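What follows is the content of coords_33.txt (compact mmCIF, C-alpha atoms and all ligand atoms).
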# COMPACT_ATOMS: atom_id res chain seq x y z
CA MET O 1 42.02 -14.17 -71.10
CA SER O 2 45.54 -15.10 -70.00
CA ALA O 3 47.87 -17.24 -72.14
CA ALA O 4 47.70 -19.91 -69.43
CA SER O 5 43.91 -20.19 -69.49
CA GLY O 6 44.03 -20.45 -73.30
CA SER O 7 45.72 -23.82 -72.93
CA ILE O 8 42.90 -25.22 -70.79
CA PRO O 9 40.50 -27.15 -73.03
CA VAL O 10 36.93 -25.92 -73.41
CA ILE O 11 34.06 -27.75 -75.07
CA THR O 12 31.25 -25.34 -75.96
CA ILE O 13 27.73 -26.68 -76.38
CA ASP O 14 25.25 -24.13 -77.71
CA GLY O 15 21.75 -24.50 -79.00
CA PRO O 16 18.08 -23.61 -78.51
CA SER O 17 16.08 -24.37 -75.39
CA ALA O 18 14.93 -27.97 -74.81
CA SER O 19 17.49 -29.27 -77.31
CA GLY O 20 18.89 -31.48 -74.52
CA LYS O 21 22.17 -29.56 -74.46
CA GLY O 22 22.16 -29.06 -70.67
CA THR O 23 21.93 -32.78 -69.97
CA VAL O 24 24.42 -33.64 -72.71
CA ALA O 25 26.89 -30.98 -71.51
CA GLU O 26 26.69 -32.16 -67.89
CA ARG O 27 27.27 -35.80 -68.88
CA VAL O 28 30.21 -34.91 -71.11
CA ALA O 29 31.72 -32.94 -68.20
CA VAL O 30 31.31 -35.93 -65.84
CA ALA O 31 32.80 -38.33 -68.43
CA LEU O 32 35.91 -36.16 -68.81
CA GLY O 33 36.15 -34.97 -65.19
CA PHE O 34 35.80 -31.37 -66.45
CA HIS O 35 34.11 -28.40 -64.80
CA PHE O 36 30.65 -27.47 -66.05
CA LEU O 37 29.21 -24.01 -66.72
CA ASP O 38 25.45 -23.57 -67.09
CA SER O 39 25.56 -20.00 -68.43
CA GLY O 40 21.76 -19.80 -68.68
CA ALA O 41 21.66 -20.12 -64.88
CA LEU O 42 23.68 -16.88 -64.61
CA TYR O 43 21.08 -15.02 -66.70
CA ARG O 44 18.33 -16.58 -64.59
CA LEU O 45 20.13 -15.55 -61.36
CA THR O 46 20.53 -12.02 -62.68
CA ALA O 47 16.80 -11.79 -63.43
CA LEU O 48 15.90 -13.25 -60.02
CA SER O 49 18.24 -10.83 -58.29
CA ALA O 50 16.66 -7.88 -60.15
CA MET O 51 13.18 -9.05 -59.15
CA LYS O 52 14.23 -9.38 -55.50
CA HIS O 53 15.85 -5.91 -55.48
CA GLY O 54 12.97 -4.24 -57.29
CA VAL O 55 15.17 -3.31 -60.24
CA ALA O 56 13.18 -3.06 -63.50
CA LEU O 57 14.23 -5.70 -66.04
CA ASP O 58 14.75 -3.02 -68.70
CA ASP O 59 16.93 -0.85 -66.44
CA GLU O 60 20.11 -1.79 -68.29
CA ALA O 61 22.61 -0.05 -65.97
CA GLY O 62 20.81 -1.22 -62.82
CA VAL O 63 20.59 -4.87 -63.94
CA ALA O 64 24.19 -4.83 -65.21
CA ALA O 65 25.39 -3.58 -61.80
CA LEU O 66 23.60 -6.51 -60.13
CA ALA O 67 25.07 -8.95 -62.70
CA ALA O 68 28.60 -7.66 -62.07
CA ALA O 69 28.31 -8.24 -58.32
CA LEU O 70 26.10 -11.36 -58.39
CA PRO O 71 26.70 -13.40 -55.19
CA ALA O 72 26.15 -16.63 -57.16
CA ALA O 73 27.54 -20.04 -56.31
CA PHE O 74 27.08 -23.56 -57.66
CA ARG O 75 27.82 -26.09 -54.93
CA ASP O 76 26.53 -29.44 -53.62
CA GLY O 77 24.41 -29.82 -56.76
CA ALA O 78 22.50 -26.63 -55.89
CA VAL O 79 22.43 -23.03 -57.09
CA TRP O 80 22.89 -20.29 -54.48
CA LEU O 81 22.24 -16.57 -54.46
CA ALA O 82 24.10 -15.32 -51.39
CA GLU O 83 22.97 -17.74 -48.66
CA GLU O 84 19.69 -18.68 -50.35
CA ASN O 85 19.22 -21.98 -52.20
CA VAL O 86 17.48 -20.86 -55.43
CA THR O 87 17.83 -24.12 -57.41
CA ASP O 88 14.07 -24.39 -57.99
CA ALA O 89 13.30 -20.66 -57.95
CA ILE O 90 15.48 -19.95 -61.01
CA ARG O 91 13.60 -22.61 -63.04
CA ALA O 92 10.23 -20.86 -62.61
CA GLU O 93 8.65 -19.74 -65.89
CA ILE O 94 8.56 -16.09 -64.78
CA VAL O 95 12.30 -16.14 -64.05
CA GLY O 96 12.96 -17.75 -67.46
CA GLU O 97 11.04 -14.93 -69.11
CA GLY O 98 12.98 -12.39 -67.07
CA ALA O 99 16.24 -14.08 -68.05
CA SER O 100 15.41 -13.77 -71.73
CA LYS O 101 14.73 -10.03 -71.23
CA VAL O 102 17.95 -9.26 -69.34
CA ALA O 103 19.94 -11.46 -71.77
CA ALA O 104 19.06 -9.01 -74.56
CA LEU O 105 20.83 -6.11 -72.76
CA PRO O 106 24.43 -5.62 -73.99
CA ALA O 107 25.68 -4.21 -70.64
CA VAL O 108 24.36 -7.28 -68.81
CA ARG O 109 26.08 -9.65 -71.26
CA ALA O 110 29.32 -7.66 -70.86
CA ALA O 111 29.03 -7.77 -67.05
CA LEU O 112 28.79 -11.58 -67.11
CA LEU O 113 31.71 -12.15 -69.52
CA ASP O 114 34.63 -12.32 -67.05
CA ARG O 115 32.62 -14.36 -64.59
CA GLN O 116 31.90 -16.97 -67.28
CA ARG O 117 35.53 -17.05 -68.43
CA ALA O 118 36.69 -17.61 -64.84
CA TYR O 119 35.14 -21.09 -64.99
CA ARG O 120 37.93 -22.11 -67.36
CA GLN O 121 39.97 -24.07 -64.82
CA PRO O 122 42.11 -27.22 -65.13
CA PRO O 123 41.60 -29.89 -66.26
CA GLY O 124 38.96 -28.38 -68.58
CA LEU O 125 35.47 -26.93 -68.97
CA VAL O 126 32.24 -27.86 -70.69
CA ALA O 127 30.22 -24.66 -71.24
CA ASP O 128 26.51 -24.77 -72.04
CA GLY O 129 24.62 -21.79 -73.46
CA ARG O 130 23.78 -19.76 -76.54
CA ASP O 131 26.99 -17.85 -77.27
CA MET O 132 29.68 -20.03 -75.69
CA GLY O 133 31.35 -20.86 -79.03
CA THR O 134 30.67 -17.54 -80.76
CA VAL O 135 31.53 -15.02 -78.01
CA VAL O 136 32.55 -16.21 -74.55
CA PHE O 137 34.96 -19.00 -75.55
CA ALA O 138 35.42 -18.14 -79.23
CA ASP O 139 38.91 -19.73 -79.06
CA ALA O 140 37.62 -23.12 -77.87
CA ALA O 141 38.96 -26.04 -79.90
CA THR O 142 35.79 -28.11 -79.61
CA LYS O 143 32.44 -26.53 -80.42
CA VAL O 144 29.09 -28.20 -80.80
CA PHE O 145 25.76 -26.73 -81.85
CA LEU O 146 23.07 -29.05 -80.61
CA THR O 147 19.61 -28.77 -82.01
CA ALA O 148 16.41 -30.70 -82.71
CA SER O 149 13.24 -29.85 -84.59
CA ALA O 150 10.79 -27.53 -82.79
CA ALA O 151 8.29 -30.42 -82.71
CA ALA O 152 10.79 -32.79 -81.05
CA ARG O 153 11.83 -30.16 -78.50
CA ALA O 154 8.20 -29.31 -77.71
CA GLU O 155 7.49 -33.01 -77.18
CA ARG O 156 10.45 -33.32 -74.75
CA ARG O 157 9.28 -30.28 -72.79
CA TYR O 158 5.72 -31.71 -72.81
CA LYS O 159 6.92 -34.99 -71.27
CA GLN O 160 8.95 -33.13 -68.61
CA LEU O 161 5.94 -31.03 -67.63
CA ILE O 162 3.60 -34.03 -67.47
CA GLU O 163 6.14 -36.04 -65.43
CA LYS O 164 6.29 -33.20 -62.92
CA GLY O 165 2.51 -33.28 -62.60
CA ASN O 166 1.88 -30.07 -64.59
CA SER O 167 -0.70 -29.68 -67.33
CA ALA O 168 0.60 -28.97 -70.83
CA ASN O 169 -0.68 -28.41 -74.33
CA LEU O 170 1.51 -29.76 -77.13
CA PRO O 171 0.40 -27.49 -80.02
CA SER O 172 0.89 -24.39 -77.89
CA LEU O 173 4.34 -25.65 -76.80
CA VAL O 174 5.33 -26.07 -80.46
CA ALA O 175 4.13 -22.53 -81.22
CA ASP O 176 6.03 -21.15 -78.17
CA MET O 177 9.18 -22.98 -79.23
CA ARG O 178 9.03 -21.52 -82.76
CA ALA O 179 8.38 -18.00 -81.44
CA ARG O 180 11.29 -18.24 -79.00
CA ASP O 181 13.63 -19.59 -81.73
CA ALA O 182 12.75 -16.63 -83.95
CA ARG O 183 13.34 -14.15 -81.10
CA ASP O 184 16.68 -15.70 -80.07
CA ALA O 185 17.98 -15.78 -83.64
CA ALA O 186 16.87 -12.18 -84.36
CA ARG O 187 18.43 -10.65 -81.22
CA THR O 188 21.09 -8.08 -82.11
CA VAL O 189 23.50 -8.99 -79.29
CA ALA O 190 24.89 -12.54 -79.36
CA PRO O 191 22.06 -14.02 -81.44
CA LEU O 192 21.63 -17.78 -81.33
CA LYS O 193 23.65 -19.09 -84.25
CA PRO O 194 26.27 -21.82 -84.66
CA ALA O 195 29.92 -20.80 -84.62
CA PRO O 196 31.38 -21.34 -88.13
CA ASP O 197 33.64 -24.07 -86.73
CA ALA O 198 30.96 -25.86 -84.67
CA LEU O 199 29.88 -29.45 -85.19
CA LEU O 200 26.14 -29.40 -85.93
CA LEU O 201 24.41 -32.16 -84.04
CA ASP O 202 20.72 -32.67 -84.81
CA THR O 203 19.27 -34.79 -82.00
CA THR O 204 15.72 -35.01 -83.40
CA HIS O 205 16.18 -38.78 -83.84
CA MET O 206 18.98 -39.27 -81.32
CA ASP O 207 18.84 -40.21 -77.64
CA ILE O 208 20.90 -38.44 -74.95
CA GLU O 209 23.54 -41.17 -74.68
CA SER O 210 24.21 -41.15 -78.47
CA ALA O 211 24.55 -37.35 -78.36
CA VAL O 212 27.02 -37.60 -75.44
CA GLN O 213 29.08 -40.17 -77.36
CA ALA O 214 29.05 -37.98 -80.50
CA VAL O 215 30.37 -34.98 -78.52
CA LEU O 216 33.07 -37.09 -76.83
CA ALA O 217 34.14 -38.54 -80.21
CA HIS O 218 34.33 -35.03 -81.68
CA TYR O 219 36.40 -33.80 -78.70
CA ARG O 220 38.83 -36.72 -79.05
CA SER O 221 39.14 -36.19 -82.81
CA ARG O 222 40.28 -32.61 -82.10
CA GLN O 223 43.09 -33.63 -79.67
O1 LIG T 301 19.23 -22.05 -71.13
P1 LIG T 301 18.28 -21.28 -70.25
O2 LIG T 301 16.84 -21.48 -70.63
O3 LIG T 301 18.51 -21.52 -68.78
O4 LIG T 301 18.62 -19.72 -70.51
C1 LIG T 301 17.89 -18.70 -69.87
C2 LIG T 301 17.87 -17.47 -70.76
O5 LIG T 301 19.18 -16.91 -70.88
C3 LIG T 301 17.38 -17.73 -72.18
O6 LIG T 301 16.40 -16.74 -72.51
C4 LIG T 301 18.56 -17.53 -73.07
C5 LIG T 301 19.53 -16.71 -72.25
N1 LIG T 301 20.91 -17.12 -72.43
C6 LIG T 301 21.71 -16.35 -73.23
O7 LIG T 301 21.25 -15.37 -73.80
N2 LIG T 301 23.03 -16.67 -73.39
C7 LIG T 301 23.54 -17.75 -72.79
N3 LIG T 301 24.83 -18.06 -72.96
C8 LIG T 301 22.72 -18.58 -71.99
C9 LIG T 301 21.39 -18.23 -71.83
Take the structure in this file and express it as structure tokens.
Ligand code: DC
Amino acid sequence: MSAASGSIPVITIDGPSASGKGTVAERVAVALGFHFLDSGALYRLTALSAMKHGVALDDEAGVAALAAALPAAFRDGAVWLAEENVTDAIRAEIVGEGASKVAALPAVRAALLDRQRAYRQPPGLVADGRDMGTVVFADAATKVFLTASAAARAERRYKQLIEKGNSANLPSLVADMRARDARDAARTVAPLKPAPDALLLDTTHMDIESAVQAVLAHYRSRQ
């Protein structure tokens, strides 16, 4: 990182899946006129690219080479892989599973580091992920770890699935959520854990707007 980029503010928002951090991070970015990085999308794009190229998801060197040269772009509210609009494709369950596999490979994480840091552009960046405050932007002045109970997160995911016309089973979603939490926290590379200097925000009993306001207040208190 250059000295110049170090002066560009970054707000990191990390946390488990379905904690609402993506929505909160995007709204905070809009409120401040900052850029927004959805780092999970980069892991999803890497997995999708591997699947398209027939590269095995445990072929660390092969997947890392794809990650390093990923023709990814975020524009017009859509996600692109080369000239293909993959906004919906990267949200598929199978791609999410693939993303969690490739995210456990150290060479893949290393290959995506510079790309993620390049999003730090004036006037500032809101970065959403798992290791934004602990690894990628460890020097950020404002860090938030957003969480909610497994039951609350499972209920949010349940409502999303039902709204989209899918079938869903709440008890199995709660069990999945707990299993995924345990896996993410136990991972040896960049495990999901709050940075020591992160604000812990438990949104179990909080709506999105209150969480957005809490992050903005924390950012302003750090100026
Ligand atoms: O947030 P998400 O569900 O789109 O993330 C997809 C996968 O990528 C998920 O298994 C966690 C992983 N990930 C990661 O390891 N580090 C990040 N900074 C972001 C996501």
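Residue neighbourhood of range 86-91 of chain O, excluding near-sequence residues (fewer than 6 positions): O:Ala41, O:Arg44, O:Leu45, O:Ala47, O:Leu48, O:Gly77, O:Ala78, O:Val79, O:Trp80, at 9 Å, using all atoms listed in the file.
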Can you tell me, as lines of an AutoDock Vina configuration file, the centre and edge lengths (Å, one decimal) of the axis-aligned box enclosing all of ligand LIG 301 (chain T)'s listed atoms after padding each side by 6 Å?
center_x = 20.6
center_y = -18.7
center_z = -71.3
size_x = 20.4
size_y = 18.7
size_z = 17.0
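The smallest atom-to-atom distance between His35 in chain O and any of O:Ile94, O:Met51, O:Leu216, O:Ala118, using all atoms listed in the file, is found for O:Ala118.
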Kindly compile the residues surrounding ligand LIG 301 (chain T) within 8 Å, counting all atoms listed in the file, and format them as a VMD selection string. chain O and resid 14 16 to 18 22 38 to 44 91 96 to 104 109 128 to 132 184 190 to 192
What's the 12 Å shell around Pro9 in chain O, counting only C-alpha atoms, without same-chain residues fewer than 2 positions away, as a PyMOL selection string? chain O and resi 4-7+11-12+29+32-35+119-127+137+139-143+219-220+222-223
Two-atom distance - CA of Gly133 in chain O, CA of Ala195 in chain O (Å): 5.8 Å
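If only C-alpha atoms are the atoms counted, then among O:Arg180, O:Leu173, O:Ala151, O:Phe36 the closest residue to Arg75 in chain O is O:Phe36.
Between CA of Ser172 in chain O and CA of Thr188 in chain O the separation is 26.3 Å.
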Place N, CA and C atoms on range 117-142 of chain O and deliver the coordinates as an mmCIF file, keeping the file's coordinate frame.
data_model
loop_
_atom_site.group_PDB
_atom_site.id
_atom_site.type_symbol
_atom_site.label_atom_id
_atom_site.label_comp_id
_atom_site.auth_asym_id
_atom_site.auth_seq_id
_atom_site.Cartn_x
_atom_site.Cartn_y
_atom_site.Cartn_z
ATOM 1 N N ARG O 117 34.182 -16.608 -68.038
ATOM 2 C CA ARG O 117 35.530 -17.050 -68.430
ATOM 3 C C ARG O 117 36.323 -17.596 -67.250
ATOM 4 N N ALA O 118 35.972 -17.146 -66.041
ATOM 5 C CA ALA O 118 36.690 -17.610 -64.840
ATOM 6 C C ALA O 118 36.438 -19.091 -64.554
ATOM 7 N N TYR O 119 35.408 -19.662 -65.183
ATOM 8 C CA TYR O 119 35.140 -21.090 -64.990
ATOM 9 C C TYR O 119 36.132 -21.965 -65.761
ATOM 10 N N ARG O 120 36.949 -21.341 -66.585
ATOM 11 C CA ARG O 120 37.930 -22.110 -67.360
ATOM 12 C C ARG O 120 39.102 -22.477 -66.446
ATOM 13 N N GLN O 121 38.976 -23.604 -65.798
ATOM 14 C CA GLN O 121 39.970 -24.070 -64.820
ATOM 15 C C GLN O 121 40.403 -25.476 -65.198
ATOM 16 N N PRO O 122 41.647 -25.863 -64.837
ATOM 17 C CA PRO O 122 42.110 -27.220 -65.130
ATOM 18 C C PRO O 122 41.206 -28.250 -64.435
ATOM 19 N N PRO O 123 40.975 -29.424 -65.018
ATOM 20 C CA PRO O 123 41.600 -29.890 -66.260
ATOM 21 C C PRO O 123 40.859 -29.457 -67.526
ATOM 22 N N GLY O 124 39.694 -28.817 -67.388
ATOM 23 C CA GLY O 124 38.960 -28.380 -68.580
ATOM 24 C C GLY O 124 37.547 -27.980 -68.214
ATOM 25 N N LEU O 125 36.816 -27.463 -69.207
ATOM 26 C CA LEU O 125 35.470 -26.930 -68.970
ATOM 27 C C LEU O 125 34.520 -27.349 -70.093
ATOM 28 N N VAL O 126 33.308 -27.701 -69.709
ATOM 29 C CA VAL O 126 32.240 -27.860 -70.690
ATOM 30 C C VAL O 126 31.272 -26.698 -70.422
ATOM 31 N N ALA O 127 31.045 -25.851 -71.421
ATOM 32 C CA ALA O 127 30.220 -24.660 -71.240
ATOM 33 C C ALA O 127 28.956 -24.750 -72.080
ATOM 34 N N ASP O 128 27.822 -24.609 -71.403
ATOM 35 C CA ASP O 128 26.510 -24.770 -72.040
ATOM 36 C C ASP O 128 25.823 -23.410 -72.151
ATOM 37 N N GLY O 129 25.323 -23.060 -73.329
ATOM 38 C CA GLY O 129 24.620 -21.790 -73.460
ATOM 39 C C GLY O 129 24.143 -21.489 -74.861
ATOM 40 N N ARG O 130 24.215 -20.201 -75.206
ATOM 41 C CA ARG O 130 23.780 -19.760 -76.540
ATOM 42 C C ARG O 130 24.941 -19.170 -77.330
ATOM 43 N N ASP O 131 25.885 -18.564 -76.598
ATOM 44 C CA ASP O 131 26.990 -17.850 -77.270
ATOM 45 C C ASP O 131 28.350 -18.308 -76.743
ATOM 46 N N MET O 132 28.412 -19.540 -76.256
ATOM 47 C CA MET O 132 29.680 -20.030 -75.690
ATOM 48 C C MET O 132 30.751 -20.134 -76.779
ATOM 49 N N GLY O 133 30.377 -20.670 -77.951
ATOM 50 C CA GLY O 133 31.350 -20.860 -79.030
ATOM 51 C C GLY O 133 31.546 -19.632 -79.904
ATOM 52 N N THR O 134 30.561 -18.719 -79.884
ATOM 53 C CA THR O 134 30.670 -17.540 -80.760
ATOM 54 C C THR O 134 31.287 -16.339 -80.050
ATOM 55 N N VAL O 135 31.075 -16.217 -78.728
ATOM 56 C CA VAL O 135 31.530 -15.020 -78.010
ATOM 57 C C VAL O 135 32.427 -15.361 -76.809
ATOM 58 N N VAL O 136 31.876 -16.069 -75.852
ATOM 59 C CA VAL O 136 32.550 -16.210 -74.550
ATOM 60 C C VAL O 136 33.838 -17.034 -74.654
ATOM 61 N N PHE O 137 33.768 -18.168 -75.363
ATOM 62 C CA PHE O 137 34.960 -19.000 -75.550
ATOM 63 C C PHE O 137 35.176 -19.197 -77.055
ATOM 64 N N ALA O 138 35.299 -18.079 -77.764
ATOM 65 C CA ALA O 138 35.420 -18.140 -79.230
ATOM 66 C C ALA O 138 36.687 -18.899 -79.647
ATOM 67 N N ASP O 139 37.663 -19.016 -78.730
ATOM 68 C CA ASP O 139 38.910 -19.730 -79.060
ATOM 69 C C ASP O 139 38.851 -21.213 -78.712
ATOM 70 N N ALA O 140 37.707 -21.707 -78.248
ATOM 71 C CA ALA O 140 37.620 -23.120 -77.870
ATOM 72 C C ALA O 140 37.924 -24.014 -79.069
ATOM 73 N N ALA O 141 38.599 -25.130 -78.804
ATOM 74 C CA ALA O 141 38.960 -26.040 -79.900
ATOM 75 C C ALA O 141 37.810 -26.959 -80.279
ATOM 76 N N THR O 142 36.906 -27.195 -79.332
ATOM 77 C CA THR O 142 35.790 -28.110 -79.610
ATOM 78 C C THR O 142 34.472 -27.384 -79.406
#
